$ cat start_8.tsv   # TSV, C-alpha atoms and all ligand atoms
chain	number	residue	atom	x	y	z
A	1	MET	CA	14.68	-34.19	-35.48
A	2	LEU	CA	17.41	-31.60	-35.88
A	3	SER	CA	17.38	-28.93	-38.57
A	4	ASN	CA	20.30	-28.92	-41.04
A	5	ARG	CA	21.32	-25.70	-39.37
A	6	ALA	CA	21.59	-27.35	-35.95
A	7	SER	CA	23.22	-30.51	-37.32
A	8	ASN	CA	25.99	-28.54	-38.98
A	9	ILE	CA	26.94	-26.41	-36.03
A	10	SER	CA	29.96	-27.24	-33.87
A	11	PRO	CA	30.21	-26.20	-30.23
A	12	SER	CA	32.60	-23.39	-29.30
A	13	ILE	CA	36.07	-24.83	-28.73
A	14	THR	CA	36.96	-22.10	-26.23
A	15	LEU	CA	33.87	-22.74	-24.12
A	16	GLY	CA	34.66	-26.46	-24.36
A	17	ILE	CA	38.10	-25.88	-22.84
A	18	SER	CA	36.61	-23.76	-20.05
A	19	ALA	CA	34.28	-26.68	-19.29
A	20	LYS	CA	37.24	-29.11	-19.16
A	21	VAL	CA	39.17	-26.79	-16.82
A	22	LYS	CA	36.11	-26.52	-14.56
A	23	GLU	CA	35.70	-30.29	-14.53
A	24	LEU	CA	39.36	-30.90	-13.57
A	25	LYS	CA	39.19	-28.18	-10.92
A	26	SER	CA	36.06	-29.75	-9.47
A	27	LYS	CA	38.07	-32.99	-9.12
A	28	GLY	CA	40.53	-31.07	-6.99
A	29	GLN	CA	43.24	-30.52	-9.64
A	30	ALA	CA	45.02	-27.15	-9.59
A	31	ILE	CA	44.92	-25.98	-13.20
A	32	ILE	CA	46.67	-22.87	-14.47
A	33	ASN	CA	44.19	-21.42	-16.87
A	34	LEU	CA	45.72	-19.43	-19.73
A	35	SER	CA	42.79	-20.11	-22.02
A	36	ILE	CA	40.29	-17.55	-20.76
A	37	GLY	CA	38.63	-15.04	-23.11
A	38	GLU	CA	37.44	-12.65	-20.46
A	39	PRO	CA	39.09	-9.98	-18.31
A	40	ASP	CA	40.28	-11.13	-14.88
A	41	PHE	CA	39.07	-7.84	-13.36
A	42	LEU	CA	35.84	-7.01	-11.59
A	43	THR	CA	33.20	-4.78	-13.12
A	44	PRO	CA	33.95	-1.22	-11.86
A	45	ASP	CA	32.13	-0.37	-8.62
A	46	LYS	CA	30.28	2.62	-10.02
A	47	VAL	CA	28.86	0.48	-12.82
A	48	LYS	CA	27.63	-2.09	-10.31
A	49	ALA	CA	26.15	0.68	-8.15
A	50	GLU	CA	24.20	1.99	-11.14
A	51	GLY	CA	22.82	-1.49	-11.82
A	52	ILE	CA	21.65	-1.73	-8.20
A	53	ARG	CA	20.12	1.75	-8.44
A	54	ALA	CA	18.23	0.71	-11.58
A	55	ILE	CA	16.70	-2.26	-9.77
A	56	LYS	CA	15.78	-0.19	-6.72
A	57	GLU	CA	14.21	2.51	-8.84
A	58	ASN	CA	12.18	-0.05	-10.76
A	59	ILE	CA	13.82	0.40	-14.13
A	60	THR	CA	12.62	-3.11	-14.79
A	61	LYS	CA	10.02	-2.81	-17.56
A	62	TYR	CA	10.21	-3.05	-21.36
A	63	ASP	CA	12.00	-0.25	-23.18
A	64	ALA	CA	12.55	0.46	-26.89
A	65	ALA	CA	13.56	-2.78	-28.67
A	66	SER	CA	16.73	-1.22	-30.08
A	67	GLY	CA	17.79	-0.12	-26.58
A	68	SER	CA	16.93	2.72	-24.21
A	69	LEU	CA	17.41	6.21	-25.59
A	70	LYS	CA	19.84	6.98	-22.76
A	71	VAL	CA	22.17	4.13	-23.59
A	72	LYS	CA	22.01	4.82	-27.34
A	73	GLU	CA	22.87	8.46	-26.65
A	74	ALA	CA	25.78	7.37	-24.47
A	75	VAL	CA	27.02	5.12	-27.31
A	76	CYS	CA	26.80	8.05	-29.76
A	77	GLN	CA	28.75	10.29	-27.36
A	78	LYS	CA	31.41	7.62	-26.93
A	79	LEU	CA	31.77	7.15	-30.68
A	80	LYS	CA	32.10	10.91	-31.18
A	81	ARG	CA	34.49	11.51	-28.26
A	82	GLU	CA	36.76	8.54	-28.77
A	83	ASN	CA	36.50	7.73	-32.46
A	84	GLY	CA	35.50	11.02	-34.08
A	85	LEU	CA	32.37	9.37	-35.48
A	86	ASP	CA	28.97	11.02	-35.96
A	87	TYR	CA	26.05	8.73	-35.25
A	88	THR	CA	22.54	9.48	-34.02
A	89	PRO	CA	20.57	7.16	-31.69
A	90	ASP	CA	18.49	5.85	-34.62
A	91	GLN	CA	21.72	4.34	-36.01
A	92	ILE	CA	22.48	2.35	-32.87
A	93	VAL	CA	21.06	-0.99	-31.76
A	94	VAL	CA	22.04	-2.19	-28.30
A	95	SER	CA	22.12	-5.97	-28.00
A	96	ASN	CA	22.87	-8.83	-25.62
A	97	GLY	CA	26.63	-8.74	-26.11
A	98	ALA	CA	28.75	-8.25	-29.21
A	99	LYS	CA	27.97	-11.81	-30.33
A	100	HIS	CA	24.32	-10.92	-30.59
A	101	ALA	CA	25.09	-7.62	-32.35
A	102	ILE	CA	27.18	-9.51	-34.95
A	103	THR	CA	24.45	-12.10	-35.52
A	104	ASN	CA	21.85	-9.32	-35.94
A	105	GLY	CA	24.12	-7.61	-38.47
A	106	LEU	CA	24.49	-10.82	-40.45
A	107	LEU	CA	20.74	-11.54	-40.34
A	108	ALA	CA	20.05	-8.06	-41.71
A	109	THR	CA	22.43	-8.35	-44.67
A	110	ILE	CA	23.16	-11.93	-45.70
A	111	ASN	CA	20.94	-13.87	-48.11
A	112	PRO	CA	21.26	-17.65	-48.50
A	113	GLY	CA	24.35	-18.32	-50.59
A	114	ASP	CA	25.98	-14.93	-50.03
A	115	GLU	CA	29.68	-15.28	-49.35
A	116	VAL	CA	31.33	-13.76	-46.30
A	117	LEU	CA	35.12	-13.44	-46.26
A	118	ILE	CA	36.66	-14.50	-42.96
A	119	PRO	CA	40.41	-14.02	-42.60
A	120	VAL	CA	42.23	-17.00	-40.99
A	121	PRO	CA	43.04	-17.17	-38.11
A	122	TYR	CA	39.54	-16.09	-37.10
A	123	TRP	CA	37.58	-15.71	-33.91
A	124	VAL	CA	35.89	-19.10	-33.37
A	125	SER	CA	32.29	-18.01	-33.74
A	126	TYR	CA	32.38	-16.20	-37.12
A	127	PRO	CA	32.14	-19.20	-39.48
A	128	GLU	CA	29.37	-20.74	-37.40
A	129	MET	CA	27.43	-17.48	-37.23
A	130	VAL	CA	27.65	-16.98	-40.99
A	131	GLY	CA	26.53	-20.57	-41.58
A	132	LEU	CA	23.62	-20.16	-39.15
A	133	VAL	CA	22.17	-17.27	-41.15
A	134	GLY	CA	22.51	-19.23	-44.42
A	135	GLY	CA	25.64	-17.49	-45.67
A	136	VAL	CA	28.76	-19.21	-46.94
A	137	PRO	CA	31.89	-18.59	-44.85
A	138	VAL	CA	34.87	-18.17	-47.18
A	139	LEU	CA	38.08	-18.68	-45.24
A	140	VAL	CA	40.89	-16.44	-46.42
A	141	GLN	CA	44.32	-17.67	-45.30
A	142	THR	CA	46.61	-14.85	-44.19
A	143	LYS	CA	50.38	-14.98	-43.80
A	144	LYS	CA	52.48	-15.37	-40.70
A	145	GLU	CA	55.06	-12.95	-42.15
A	146	ASN	CA	52.33	-10.26	-42.17
A	147	GLY	CA	51.49	-11.04	-38.55
A	148	PHE	CA	48.32	-12.68	-39.95
A	149	LYS	CA	46.88	-9.32	-40.95
A	150	VAL	CA	44.77	-9.85	-44.04
A	151	THR	CA	45.85	-8.05	-47.24
A	152	LEU	CA	44.17	-7.39	-50.59
A	153	GLU	CA	46.52	-9.92	-52.12
A	154	ASP	CA	45.14	-12.60	-49.75
A	155	ILE	CA	41.56	-11.63	-50.55
A	156	GLU	CA	41.66	-11.23	-54.32
A	157	PRO	CA	41.55	-14.94	-55.31
A	158	HIS	CA	38.33	-15.33	-53.29
A	159	LEU	CA	36.34	-12.47	-54.78
A	160	ASN	CA	33.36	-13.17	-57.04
A	161	GLU	CA	29.83	-11.86	-57.64
A	162	LYS	CA	28.57	-13.63	-54.50
A	163	THR	CA	31.01	-11.88	-52.16
A	164	LYS	CA	28.86	-9.74	-49.88
A	165	MET	CA	30.89	-8.99	-46.77
A	166	ILE	CA	34.21	-9.26	-44.98
A	167	ILE	CA	34.63	-9.60	-41.22
A	168	LEU	CA	37.58	-7.66	-39.80
A	169	THR	CA	38.61	-7.92	-36.15
A	170	ASN	CA	40.80	-5.17	-34.80
A	171	PRO	CA	42.62	-5.70	-32.41
A	172	SER	CA	42.58	-9.38	-33.29
A	173	ASN	CA	41.50	-12.35	-31.31
A	174	PRO	CA	43.49	-14.69	-31.50
A	175	THR	CA	46.66	-12.98	-32.75
A	176	GLY	CA	46.66	-9.78	-30.64
A	177	ASN	CA	47.76	-7.88	-33.73
A	178	VAL	CA	46.50	-4.40	-34.66
A	179	PHE	CA	46.02	-2.87	-38.13
A	180	SER	CA	47.67	0.48	-38.88
A	181	ARG	CA	45.63	3.33	-40.38
A	182	GLU	CA	47.41	2.89	-43.69
A	183	GLU	CA	46.71	-0.85	-43.84
A	184	LEU	CA	43.03	-0.31	-43.07
A	185	GLU	CA	42.70	2.53	-45.57
A	186	ASN	CA	44.23	0.51	-48.36
A	187	LEU	CA	42.14	-2.56	-47.59
A	188	CYS	CA	38.77	-0.98	-46.85
A	189	THR	CA	38.81	1.61	-49.65
A	190	ASN	CA	39.32	-1.19	-52.17
A	191	LEU	CA	36.68	-3.44	-50.64
A	192	VAL	CA	34.05	-0.74	-50.49
A	193	GLU	CA	34.74	0.19	-54.14
A	194	LYS	CA	33.84	-3.42	-54.91
A	195	ASN	CA	30.59	-2.95	-52.99
A	196	ILE	CA	31.62	-5.30	-50.17
A	197	LEU	CA	30.20	-4.63	-46.71
A	198	ILE	CA	32.57	-4.55	-43.74
A	199	LEU	CA	31.63	-6.00	-40.40
A	200	ALA	CA	34.16	-4.31	-38.10
A	201	ASP	CA	34.43	-6.13	-34.79
A	202	GLU	CA	36.14	-3.59	-32.53
A	203	ILE	CA	35.36	-5.24	-29.18
A	204	TYR	CA	39.03	-5.11	-28.09
A	205	GLU	CA	39.40	-1.45	-29.03
A	206	LYS	CA	40.47	-0.32	-25.56
A	207	VAL	CA	42.95	-3.10	-24.95
A	208	ILE	CA	45.75	-1.68	-27.04
A	209	TYR	CA	49.28	-0.71	-26.05
A	210	ASP	CA	51.64	1.28	-28.25
A	211	GLU	CA	49.51	1.58	-31.39
A	212	GLU	CA	46.86	4.07	-32.45
A	213	PHE	CA	43.38	2.53	-32.63
A	214	VAL	CA	41.56	3.45	-35.84
A	215	SER	CA	37.85	2.73	-36.09
A	216	ILE	CA	37.14	1.50	-39.61
A	217	ALA	CA	34.01	3.64	-40.06
A	218	SER	CA	36.10	6.78	-39.49
A	219	LEU	CA	38.22	6.21	-42.62
A	220	SER	CA	35.87	7.82	-45.18
A	221	GLU	CA	32.19	8.53	-45.82
A	222	GLU	CA	31.93	5.64	-48.27
A	223	ILE	CA	33.43	3.24	-45.75
A	224	TYR	CA	31.20	4.62	-42.94
A	225	ASP	CA	28.13	3.88	-45.06
A	226	LYS	CA	29.13	0.27	-45.71
A	227	THR	CA	30.41	-0.60	-42.24
A	228	ILE	CA	28.61	-2.45	-39.48
A	229	LEU	CA	30.56	-1.24	-36.47
A	230	ILE	CA	30.43	-3.73	-33.60
A	231	ASN	CA	31.56	-2.92	-30.10
A	232	GLY	CA	30.48	-3.55	-26.52
A	233	LEU	CA	31.47	-3.50	-22.88
A	234	SER	CA	32.43	-7.15	-22.27
A	235	LYS	CA	36.16	-6.59	-22.66
A	236	SER	CA	36.57	-2.84	-22.12
A	237	ALA	CA	34.58	-2.54	-18.88
A	238	SER	CA	34.96	-6.15	-17.75
A	239	MET	CA	31.22	-6.73	-18.13
A	240	THR	CA	31.11	-10.13	-19.85
A	241	GLY	CA	28.19	-11.41	-17.78
A	242	TRP	CA	26.07	-8.26	-18.18
A	243	ARG	CA	25.68	-8.89	-21.93
A	244	MET	CA	26.05	-5.50	-23.56
A	245	GLY	CA	27.09	-5.04	-27.18
A	246	TYR	CA	25.99	-2.69	-29.93
A	247	SER	CA	26.03	-2.02	-33.63
A	248	ALA	CA	26.37	1.37	-35.33
A	249	THR	CA	25.36	1.46	-38.98
A	250	ASN	CA	23.59	3.57	-41.58
A	251	LYS	CA	19.93	4.25	-40.78
A	252	THR	CA	18.46	1.71	-43.20
A	253	LEU	CA	20.49	-1.08	-41.71
A	254	ALA	CA	19.87	0.08	-38.13
A	255	LYS	CA	16.12	-0.02	-38.74
A	256	ALA	CA	16.33	-3.56	-40.10
A	257	ILE	CA	18.58	-4.71	-37.26
A	258	GLY	CA	16.20	-3.12	-34.73
A	259	SER	CA	13.21	-4.91	-36.27
A	260	ILE	CA	14.99	-8.26	-36.22
A	261	GLN	CA	15.97	-7.78	-32.60
A	262	SER	CA	12.45	-6.68	-31.68
A	263	HIS	CA	11.14	-10.13	-32.67
A	264	LEU	CA	13.99	-12.18	-31.24
A	265	THR	CA	14.96	-10.72	-27.87
A	266	THR	CA	13.60	-7.18	-27.56
A	267	HIS	CA	16.50	-5.42	-25.79
A	268	PRO	CA	19.19	-6.35	-23.25
A	269	SER	CA	18.19	-6.15	-19.61
A	270	THR	CA	17.16	-2.64	-18.54
A	271	ILE	CA	19.53	-3.01	-15.59
A	272	THR	CA	22.44	-3.68	-17.93
A	273	MET	CA	21.49	-0.72	-20.10
A	274	ALA	CA	21.35	1.64	-17.12
A	275	ALA	CA	24.73	0.46	-15.82
A	276	SER	CA	26.20	0.68	-19.33
A	277	VAL	CA	25.55	4.43	-19.47
A	278	VAL	CA	28.01	4.83	-16.58
A	279	ALA	CA	30.47	2.37	-18.11
A	280	LEU	CA	30.43	4.27	-21.41
A	281	ASN	CA	30.74	7.75	-19.88
A	282	ASP	CA	32.67	7.43	-16.71
A	283	CYS	CA	35.09	4.52	-16.50
A	284	GLU	CA	38.26	5.79	-18.12
A	285	GLU	CA	40.38	5.39	-14.98
A	286	ASP	CA	39.29	1.79	-14.42
A	287	VAL	CA	39.95	0.91	-18.05
A	288	ASN	CA	43.39	2.56	-17.98
A	289	LEU	CA	44.33	0.57	-14.92
A	290	MET	CA	43.30	-2.70	-16.56
A	291	VAL	CA	45.23	-1.88	-19.72
A	292	LYS	CA	48.33	-0.93	-17.72
A	293	THR	CA	48.20	-4.33	-15.99
A	294	TYR	CA	47.72	-6.18	-19.29
A	295	LYS	CA	50.69	-4.30	-20.72
A	296	GLU	CA	52.99	-5.39	-17.87
A	297	ARG	CA	51.97	-8.99	-18.51
A	298	ARG	CA	52.36	-8.60	-22.26
A	299	ASP	CA	55.88	-7.17	-21.79
A	300	TYR	CA	56.84	-10.06	-19.51
A	301	ILE	CA	55.61	-12.69	-22.00
A	302	GLU	CA	57.33	-10.99	-24.93
A	303	SER	CA	60.67	-10.95	-23.17
A	304	PHE	CA	60.18	-14.53	-21.98
A	305	PHE	CA	59.90	-15.75	-25.58
A	306	LYS	CA	62.76	-13.53	-26.71
A	307	ASP	CA	65.11	-14.81	-23.99
A	308	TRP	CA	64.09	-18.42	-24.56
A	309	GLY	CA	64.52	-18.15	-28.32
A	310	ARG	CA	62.90	-21.51	-29.23
A	311	LEU	CA	59.45	-20.55	-30.50
A	312	ASP	CA	58.12	-17.48	-32.34
A	313	ILE	CA	55.12	-15.46	-31.29
A	314	ILE	CA	53.14	-12.85	-33.20
A	315	PRO	CA	54.24	-9.62	-31.46
A	316	PRO	CA	51.17	-8.82	-29.33
A	317	LYS	CA	49.96	-5.25	-29.76
A	318	GLY	CA	46.43	-5.44	-28.40
A	319	ALA	CA	43.72	-7.63	-26.86
A	320	PHE	CA	45.05	-9.99	-24.18
A	321	TYR	CA	46.28	-12.89	-26.26
A	322	VAL	CA	49.59	-14.21	-27.50
A	323	PHE	CA	49.59	-16.46	-30.56
A	324	ILE	CA	52.44	-18.95	-30.25
A	325	ASP	CA	53.96	-20.74	-33.24
A	326	ILE	CA	54.25	-24.43	-32.34
A	327	GLY	CA	55.23	-25.39	-35.91
A	328	PRO	CA	58.70	-26.59	-34.75
A	329	LEU	CA	57.00	-29.33	-32.67
A	330	ALA	CA	55.39	-30.88	-35.75
A	331	GLU	CA	58.47	-33.01	-36.52
A	332	LYS	CA	58.24	-34.66	-33.12
A	333	ILE	CA	54.48	-34.86	-32.52
A	334	LYS	CA	52.52	-36.92	-34.99
A	335	ALA	CA	48.82	-36.26	-34.48
A	336	ASP	CA	45.74	-35.43	-36.55
A	337	SER	CA	45.82	-31.99	-34.97
A	338	LEU	CA	49.11	-30.66	-33.66
A	339	SER	CA	47.56	-27.85	-31.62
A	340	LEU	CA	44.94	-30.13	-30.03
A	341	GLN	CA	47.64	-32.61	-29.06
A	342	VAL	CA	49.87	-29.92	-27.56
A	343	CYS	CA	46.96	-28.44	-25.59
A	344	ASP	CA	45.86	-31.89	-24.41
A	345	ASP	CA	49.41	-32.70	-23.29
A	346	MET	CA	49.72	-29.36	-21.51
A	347	ILE	CA	46.50	-29.86	-19.60
A	348	GLU	CA	46.98	-33.56	-18.83
A	349	LEU	CA	50.72	-33.57	-18.07
A	350	HIS	CA	51.39	-30.02	-16.94
A	351	LYS	CA	47.99	-28.86	-15.66
A	352	THR	CA	48.04	-25.73	-17.82
A	353	ALA	CA	45.30	-24.74	-20.27
A	354	PHE	CA	45.81	-23.00	-23.65
A	355	VAL	CA	43.48	-22.84	-26.64
A	356	PRO	CA	44.44	-24.94	-29.68
A	357	GLY	CA	44.93	-22.90	-32.85
A	358	ILE	CA	42.75	-25.35	-34.78
A	359	GLY	CA	39.75	-23.61	-33.18
A	360	PHE	CA	40.83	-20.47	-35.03
A	361	GLY	CA	41.66	-22.32	-38.26
A	362	GLN	CA	45.43	-22.25	-37.59
A	363	ASP	CA	46.63	-25.63	-36.36
A	364	ASP	CA	50.34	-24.76	-36.06
A	365	PHE	CA	49.65	-22.20	-33.31
A	366	ILE	CA	48.19	-22.13	-29.82
A	367	ARG	CA	46.66	-19.14	-28.02
A	368	LEU	CA	47.74	-17.98	-24.59
A	369	SER	CA	45.45	-15.59	-22.75
A	370	TYR	CA	47.08	-13.27	-20.25
A	371	ALA	CA	43.81	-12.38	-18.61
A	372	ALA	CA	45.41	-14.23	-15.70
A	373	SER	CA	47.62	-13.31	-12.74
A	374	MET	CA	51.32	-12.68	-13.31
A	375	GLU	CA	52.03	-15.57	-10.98
A	376	ASP	CA	49.99	-17.96	-13.15
A	377	ILE	CA	51.50	-16.59	-16.33
A	378	LYS	CA	55.04	-17.14	-15.05
A	379	GLU	CA	54.33	-20.66	-13.80
A	380	GLY	CA	52.33	-21.59	-16.95
A	381	LEU	CA	55.16	-20.42	-19.21
A	382	LYS	CA	57.71	-22.31	-17.14
A	383	ARG	CA	55.69	-25.50	-17.55
A	384	PHE	CA	55.23	-24.86	-21.27
A	385	LYS	CA	58.98	-24.39	-21.71
A	386	THR	CA	59.69	-27.68	-19.88
A	387	TYR	CA	57.18	-29.45	-22.13
A	388	VAL	CA	58.56	-28.00	-25.36
A	389	GLU	CA	62.19	-28.69	-24.40
A	390	ASN	CA	61.27	-32.32	-23.57
A	391	VAL	CA	59.47	-32.78	-26.88
A	392	LEU	CA	62.27	-31.25	-28.94
A	393	GLU	CA	64.96	-33.24	-27.18
A	394	ASP	CA	63.15	-36.58	-27.49
B	1	LIG	C1	36.54	-10.97	-31.39
B	1	LIG	C2	35.38	-11.12	-30.48
B	1	LIG	N1	34.19	-10.62	-30.86
B	1	LIG	C3	33.11	-10.74	-30.08
B	1	LIG	C4	33.18	-11.38	-28.86
B	1	LIG	C5	31.92	-11.54	-28.05
B	1	LIG	O1	31.74	-10.57	-27.11
B	1	LIG	P1	30.44	-10.57	-26.16
B	1	LIG	O2	30.82	-11.33	-24.94
B	1	LIG	O3	30.17	-9.13	-25.89
B	1	LIG	O4	29.34	-11.22	-26.90
B	1	LIG	C6	34.39	-11.92	-28.42
B	1	LIG	C7	34.46	-12.64	-27.13
B	1	LIG	O5	35.34	-13.41	-26.85
B	1	LIG	C8	35.52	-11.78	-29.25
B	1	LIG	O6	36.71	-12.28	-28.88
$ encode --input "start_8.tsv" --output "structure tokens"
Amino acid sequence: MLSNRASNISPSITLGISAKVKELKSKGQAIINLSIGEPDFLTPDKVKAEGIRAIKENITKYDAASGSLKVKEAVCQKLKRENGLDYTPDQIVVSNGAKHAITNGLLATINPGDEVLIPVPYWVSYPEMVGLVGGVPVLVQTKKENGFKVTLEDIEPHLNEKTKMIILTNPSNPTGNVFSREELENLCTNLVEKNILILADEIYEKVIYDEEFVSIASLSEEIYDKTILINGLSKSASMTGWRMGYSATNKTLAKAIGSIQSHLTTHPSTITMAASVVALNDCEEDVNLMVKTYKERRDYIESFFKDWGRLDIIPPKGAFYVFIDIGPLAEKIKADSLSLQVCDDMIELHKTAFVPGIGFGQDDFIRLSYAASMEDIKEGLKRFKTYVENVLED
């Protein structure tokens, strides 16, 4: 009954963990959830008010399939103001979240058999998305000593005439690392010379602490032309449930992406698009406050691991994740998947949820999300420390 496509797909491991946490909570268990991939802040009030206004004023009918002109203009203004990028509305397609924008971008560019480079550790959905559109995900292992930032050296053995695209995530989910301008320039200039497209997932752009954020398309004209810039409001404006993402590309690609979207979903909800105009133009203060709070949590977690001194982490520079090296536990825990076992133990024995690194292709790590209260972070880390000390002393 199922297509090959459907038979080959695996469910999202992160959503699976959320379901398990919900199930345990519904049985009355108090779970500390450090596995969540969404901001623990509310959507800003003025964004919500604009959504309500849109409903009241009957902005509830079809609009242009690639998104309302107003929201595409607001995206262009944002890209100019914050990233120094020149785009016109006919280069923007507004979609139902960044996930949808990425899938549209892949559908518009990938032929069956085309290879797409995906640096490991990767965000869970990329390999599945590439497979769904008939492409071949080529997993490129990166090195812990580089903070898992992919380099040309990592990529070179995988290049061949079928290589069509690379997916770069900056800041990274799951590692929280951020590329420098120099690293991006070196990498992207070389890739584009080899005629490789870049899908630049910049959804965590705003959640960044001490580093400068560099949008890949701003590096050069050649790179701009070959980049599918992906961004959205799920993380930056705490709008995960509204479903607002977008792509910015050259005009040929934008036209193709718009046509694809026109047959699949038309546009995101008109209410979301209206509210997004406010989120794009007028939410700097709210975003700054969120980032300040994330930074306090990040600082606490960094010093916790430093003081403890037992396990390494990738120094977190952006997004709201910490990637923890559980490699030292491998001698004591014999399991098919180390990270799954550790996460299972943590949830069963210590009522604390993390995401196993195996979901990101990196089984000797687990991911902690600090989109959680400081109180939960402190208690969750305390429990994790107890668990690790017990395992190592066994
Ligand atoms: C790297 C990355 N890209 C894209 C997305 C999807 O964002 P959206 O909810 O806007 O579809 C996520 C969500 O977790 C993500 O972590």
$ residues_near_ligand --input "start_8.tsv" --ligand "ligand LIG 1 (chain B)" --cutoff "9 Å" --atoms "only C-alpha atoms and all ligand atoms" --output "number ranges by chain"
A: 14, 36-38, 95-102, 122-126, 169-174, 201-204, 230-235, 239-246, 319
$ atom_distance --input "start_8.tsv" --atom1 "CA of Ala353 in chain A" --atom2 "CA of Ile208 in chain A"
24.0 Å
$ closest_residue --input "start_8.tsv" --among "A:Ser10, A:Ser269, A:Asn4, A:Ser218" --to "Gly359 in chain A" --atoms "only C-alpha atoms"
A:Ser10
$ atom_distance --input "start_8.tsv" --atom1 "CA of Pro328 in chain A" --atom2 "CA of Val388 in chain A"
9.5 Å
$ residues_around --input "start_8.tsv" --residues "range 275-278 of chain A" --least-positions-apart "6" --cutoff "7 Å" --atoms "only C-alpha atoms" --output "JSON, numbers by chain"
{"A": [47, 48, 50, 51, 71, 74]}
$ residues_around --input "start_8.tsv" --residues "Glu153 in chain A" --least-positions-apart "3" --cutoff "10 Å" --atoms "all atoms listed in the file" --output "list in words"
Thr142, Val150, Glu156, Pro157, His158 and Leu187 of chain A
$ residues_around --input "start_8.tsv" --residues "Cys76 in chain A" --least-positions-apart "5" --cutoff "12 Å" --atoms "all atoms listed in the file" --output "MDAnalysis selection string"
chainID A and resid 69:71 81:94 231 246:249 277 280:281
